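Let me begin by presenting the structure, written as structure tokens, before commenting on it.
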Amino acid sequence: MDITEISIIMPAYNAEKYITDSITSVLKQSFTLWELIVIDDGSTDKTAEIINSFLTDKRITLIRQANKGVSAARNVGIKAAKGNFIAFLDADDAYLPENLKAKYEAITADASLDYVYSDIMVCDARLKDKFVERGVSSDKVCKSVLTRQPEGIPGFSSNIIVKGATIKNKNIYFDTNLSNCADQYYKTLLVSECKGTYIPLPLAKYRNTPGSMSKKVFLLEHDELYILDRIKEKNIIPKGKERSQTFAKVYLMLCGSWYKDGGKTGRAVKFGFKAMASDSGTFFRLLKKGVASIFGNR
């Protein structure tokens with residue numbers, strides 16, 4: 001009888017350019033007790049055809065659905081999963097060969113753990129190594145993620161493995177109201193409610209490609225403000241200095257995004273004032289540290 005320990009969830013939308021690399025990286029894992037569930041989220045290219053070419057391996061399953069977005073696709077995969085642990089892999093990223101083995105050994109070494117993450121290798125569009133992005137230690141990850149520090153869980157959706165029972169018992173699914181920032185909110189819920197462990201080695205490859213969704217500033221604004229509302233509603237960060245500083249960082253990021261990428265000076269100014277009103281100290285400190293560089297030549 002075949003045993004599935006890890007279910008890998010891969011959402012795919014018009015991913016014909018890179019998905020072969022992603023699936024091949026799963027097939028090359030030294031750990032073999034896995035299943036790969038690929039959710040074709042309404043692709044109009046050859047994504048499904050490429051996935052079908054891998055289905056001779058019975059560990060790989062294709063689920064096709066009308067386009068509902070990456071969060072809905074991941075949730076479909078989670079609910080179809082048979083494994084005790086849930087891993088995620090975006091259709092343009094890849095695992096290094098020891099990824100599943102190292103993370104499985106780490107998370108099963110301590111029954112109190114809910115998730116595991118590592119460093120990642122940031123790559124170019126051809127998946128050639130550029131640099132290692134480091135994570136932060138597990139004793140610091142909660143504060144780092146919640147307060148939007150530069151370090152945290154890099155390449156989140158192609159990095160973490162989560163205990164399946166944790167997802168179900170704590171109802172930690174991807175919020176379908178979000179697009180750009182679905183990972184950020186999932187990460188926020190995970191670190192605020194669960195216990196993780198960190199492996200200080202690059203075990204996954206994150207493909208840094210041009211034209212990312214973060215350039216769609218309207219979506220970015222919607223998602224970030226939605227997350228801030230949920231933080232207040234659920235009291236994820238208690239009211240006080242830390243929340244004010246975190247909100248100021250988000251507002252200032254939106255200010256820069258509207259000015260640099262969205263070309264809307266009025267909205268940029270609006271969020272600049274919101275950042276200053278939320279926490280003036282954070283506003284001026286970040287400007288002094290170099291955030292002002294985003295206001296260069298347009």
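Going through the structure tokens in order, the chains are called A, B, and so on, while each chain numbers its residues from 1 and the ligands are numbered from 1 in the order shown.
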Thr265 in chain A: which residues within 12 Å, counting only C-alpha atoms, same-chain residues fewer than 6 positions away excluded, as a compact mmCIF listing (two decimals) with C-alpha atoms, in the first residue's frame?
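Written out: part-v4.txt:
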# COMPACT_ATOMS: atom_id res chain seq x y z
CA LEU A 254 1.49 52.11 -0.69
CA CYS A 255 2.57 55.73 -0.95
CA GLY A 256 5.73 54.72 -2.81
CA SER A 257 3.94 52.14 -4.96
CA TRP A 258 1.37 54.67 -6.16
CA TYR A 259 4.03 57.25 -6.95
CA PHE A 271 -0.98 57.35 1.97
CA GLY A 272 2.02 59.43 2.91
CA PHE A 295 10.69 59.10 -5.22
CA ARG A 298 9.68 58.71 -12.84
Open item on the list: With only C-alpha atoms as the counted atoms, please give the residues lying no more than 10 Å from Gly155 in chain A, apart from itself and same-chain residues fewer than 2 positions off, as a list in words.
Closed with: Leu89, Asp90, Asp93, Tyr117, Ser118, Asp119, Ile120, Met121, Val122, Glu133, Arg134, Gly135, Gly152, Ile153, Ser157, Ser158, Asn159, Ile160, Asp183, Ala204, Lys205, Tyr206 and Arg207 of chain A
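Using only C-alpha atoms, the residues found no farther than 12 Å from Gly281 in chain A, other than those of its own chain fewer than 3 positions away, are Lys241, Glu242, Ser244, Gln245, Thr246, Ala248, Lys249, Ala275, Met276, Ala277, Ser278, Phe284, Arg285, Leu286, Leu287 and Lys288 of chain A.
For the atom pair formed by CA of Ile199 in chain A and CA of Lys163 in chain A, the distance is 16.3 Å, given to one decimal.
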Task: Contacts of Cys194 in chain A at 12 Å (only C-alpha atoms; same-chain gap of 6+ positions) as a ChimeraX atom specification - done: /A:112-116,138-139,141-142,162-163,165-167,169-172,186-188
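Put simply, CA of Lys289 in chain A is 25.8 Å away from CA of Phe156 in chain A.
Here the residues within range 151-206 of chain A that DSSP labels helix (DSSP H, G or I) on the basis of the backbone are Phe156, Ser157, Ser158, Gly164, Ala165, Thr166, Ile167, Lys168, Asn169, Lys170, Ala182, Asp183, Gln184, Tyr185, Tyr186, Lys187, Thr188, Leu189, Leu190, Val191, Ser192 and Glu193 of chain A.
Minimum atom-to-atom distances from A:Gly266, A:Gly83, A:Pro97, A:Gly69 to Ile161 in chain A were compared using only C-alpha atoms, and the lowest value belongs to A:Gly83.
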Open item on the list: Nearest residue to Tyr95 in chain A out of A:Lys28, A:Arg148, A:Arg267, A:Lys239, using only C-alpha atoms?
Closed with: A:Lys28
Open item on the list: Can you pull out the residues contacting Trp34 in chain A? Cut-off 8 Å, using only C-alpha atoms, and skip same-chain residues under 6 positions away; I want them as number ranges by chain.
Closed with: A: 4-8, 59, 83
Open item on the list: Using Å and a single decimal, report how far CA of Val38 in chain A sits from CA of Ala12 in chain A.
Closed with: 6.9 Å
Task: DSSP-assigned strand (DSSP E or B) among range 126-231 of chain A, expressed as a PyMOL selection string - done: chain A and resi 129-133+161-163+196-207
Need to verify the contact set: Ala182 in chain A, 12 Å, only C-alpha atoms, exclusion of same-chain residues closer than 6 positions in sequence. Can you return it as an mmCIF file with N, CA and C atoms, in the first residue's frame?
data_model
loop_
_atom_site.group_PDB
_atom_site.id
_atom_site.type_symbol
_atom_site.label_atom_id
_atom_site.label_comp_id
_atom_site.auth_asym_id
_atom_site.auth_seq_id
_atom_site.Cartn_x
_atom_site.Cartn_y
_atom_site.Cartn_z
ATOM 1 N N GLY A 69 -8.827 32.117 -9.104
ATOM 2 C CA GLY A 69 -7.743 32.779 -8.381
ATOM 3 C C GLY A 69 -6.894 31.802 -7.598
ATOM 4 N N VAL A 70 -5.693 32.264 -7.261
ATOM 5 C CA VAL A 70 -4.711 31.384 -6.637
ATOM 6 C C VAL A 70 -5.141 30.889 -5.255
ATOM 7 N N SER A 71 -5.820 31.725 -4.481
ATOM 8 C CA SER A 71 -6.243 31.308 -3.142
ATOM 9 C C SER A 71 -7.255 30.175 -3.219
ATOM 10 N N ALA A 72 -8.254 30.329 -4.091
ATOM 11 C CA ALA A 72 -9.256 29.275 -4.251
ATOM 12 C C ALA A 72 -8.608 27.992 -4.751
ATOM 13 N N ALA A 73 -7.652 28.113 -5.676
ATOM 14 C CA ALA A 73 -6.972 26.930 -6.202
ATOM 15 C C ALA A 73 -6.206 26.197 -5.100
ATOM 16 N N ARG A 74 -5.500 26.941 -4.284
ATOM 17 C CA ARG A 74 -4.766 26.290 -3.186
ATOM 18 C C ARG A 74 -5.715 25.611 -2.208
ATOM 19 N N ASN A 75 -6.823 26.246 -1.905
ATOM 20 C CA ASN A 75 -7.785 25.645 -0.974
ATOM 21 C C ASN A 75 -8.368 24.350 -1.529
ATOM 22 N N PHE A 156 7.548 32.549 0.512
ATOM 23 C CA PHE A 156 6.651 31.824 1.420
ATOM 24 C C PHE A 156 5.928 30.644 0.785
ATOM 25 N N SER A 157 5.228 30.863 -0.332
ATOM 26 C CA SER A 157 4.341 29.831 -0.868
ATOM 27 C C SER A 157 5.074 28.692 -1.579
ATOM 28 N N ILE A 172 -6.999 27.450 8.949
ATOM 29 C CA ILE A 172 -6.079 28.382 8.295
ATOM 30 C C ILE A 172 -6.014 28.052 6.804
ATOM 31 N N TYR A 173 -6.960 28.612 6.073
ATOM 32 C CA TYR A 173 -7.000 28.467 4.620
ATOM 33 C C TYR A 173 -6.675 29.814 3.980
ATOM 34 N N PHE A 174 -6.472 29.800 2.666
ATOM 35 C CA PHE A 174 -6.160 31.037 1.957
ATOM 36 C C PHE A 174 -7.432 31.843 1.751
ATOM 37 N N ASP A 175 -7.358 33.148 2.008
ATOM 38 C CA ASP A 175 -8.503 34.037 1.912
ATOM 39 C C ASP A 175 -8.756 34.387 0.451
ATOM 40 N N THR A 176 -9.913 33.991 -0.064
ATOM 41 C CA THR A 176 -10.218 34.206 -1.481
ATOM 42 C C THR A 176 -10.550 35.661 -1.818
ATOM 43 N N THR A 188 0.671 35.699 8.047
ATOM 44 C CA THR A 188 0.294 36.421 9.268
ATOM 45 C C THR A 188 -0.499 35.517 10.209
ATOM 46 N N LEU A 189 -1.479 34.809 9.669
ATOM 47 C CA LEU A 189 -2.277 33.889 10.490
ATOM 48 C C LEU A 189 -1.421 32.759 11.040
ATOM 49 N N MET A 213 2.688 40.586 -10.020
ATOM 50 C CA MET A 213 1.404 41.182 -9.658
ATOM 51 C C MET A 213 1.563 42.405 -8.778
ATOM 52 N N SER A 214 2.717 42.530 -8.104
ATOM 53 C CA SER A 214 2.890 43.669 -7.211
ATOM 54 C C SER A 214 2.859 44.994 -7.963
ATOM 55 N N LEU A 219 -4.799 46.502 -6.964
ATOM 56 C CA LEU A 219 -4.953 45.243 -6.242
ATOM 57 C C LEU A 219 -4.132 45.245 -4.960
ATOM 58 N N LEU A 220 -2.930 45.786 -5.053
ATOM 59 C CA LEU A 220 -2.061 45.854 -3.877
ATOM 60 C C LEU A 220 -2.722 46.665 -2.776
ATOM 61 N N HIS A 222 -5.960 47.320 -2.349
ATOM 62 C CA HIS A 222 -7.115 46.587 -1.826
ATOM 63 C C HIS A 222 -6.685 45.529 -0.827
ATOM 64 N N ASP A 223 -5.684 44.743 -1.209
ATOM 65 C CA ASP A 223 -5.265 43.620 -0.366
ATOM 66 C C ASP A 223 -4.634 44.081 0.939
ATOM 67 N N GLU A 224 -3.763 45.074 0.839
ATOM 68 C CA GLU A 224 -3.080 45.538 2.051
ATOM 69 C C GLU A 224 -4.075 46.154 3.040
ATOM 70 N N TYR A 226 -7.236 45.456 3.243
ATOM 71 C CA TYR A 226 -8.046 44.331 3.741
ATOM 72 C C TYR A 226 -7.327 43.627 4.890
ATOM 73 N N ILE A 227 -6.011 43.403 4.732
ATOM 74 C CA ILE A 227 -5.236 42.740 5.790
ATOM 75 C C ILE A 227 -5.190 43.598 7.051
#
Open item on the list: Calculated over only C-alpha atoms, which of the candidates A:Pro154, A:Thr108, A:Ser144, A:Lys101 has the smallest distance to Val132 in chain A?
Closed with: A:Pro154
- [ ] Skip Ile50 in chain A itself and residues of its chain fewer than 5 positions away, then list as a PyMOL selection string all residues within 9 Å of it, counting only C-alpha atoms.
- [x] chain A and resi 16+19-20
Pull N, CA and C atoms from the residues just selected and write them as a short mmCIF file (atom, residue, chain, number, x, y, z; two decimals), in the first residue's frame.
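And here's selection-v2.cif as it stands now:
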data_model
loop_
_atom_site.label_atom_id
_atom_site.label_comp_id
_atom_site.auth_asym_id
_atom_site.auth_seq_id
_atom_site.Cartn_x
_atom_site.Cartn_y
_atom_site.Cartn_z
N GLU A 16 2.58 27.57 -18.82
CA GLU A 16 3.27 26.68 -19.74
C GLU A 16 4.78 26.95 -19.83
N ILE A 19 6.23 25.51 -15.88
CA ILE A 19 5.71 24.45 -15.02
C ILE A 19 6.47 23.13 -15.17
N THR A 20 7.08 22.90 -16.33
CA THR A 20 7.88 21.69 -16.47
C THR A 20 9.03 21.67 -15.47
#
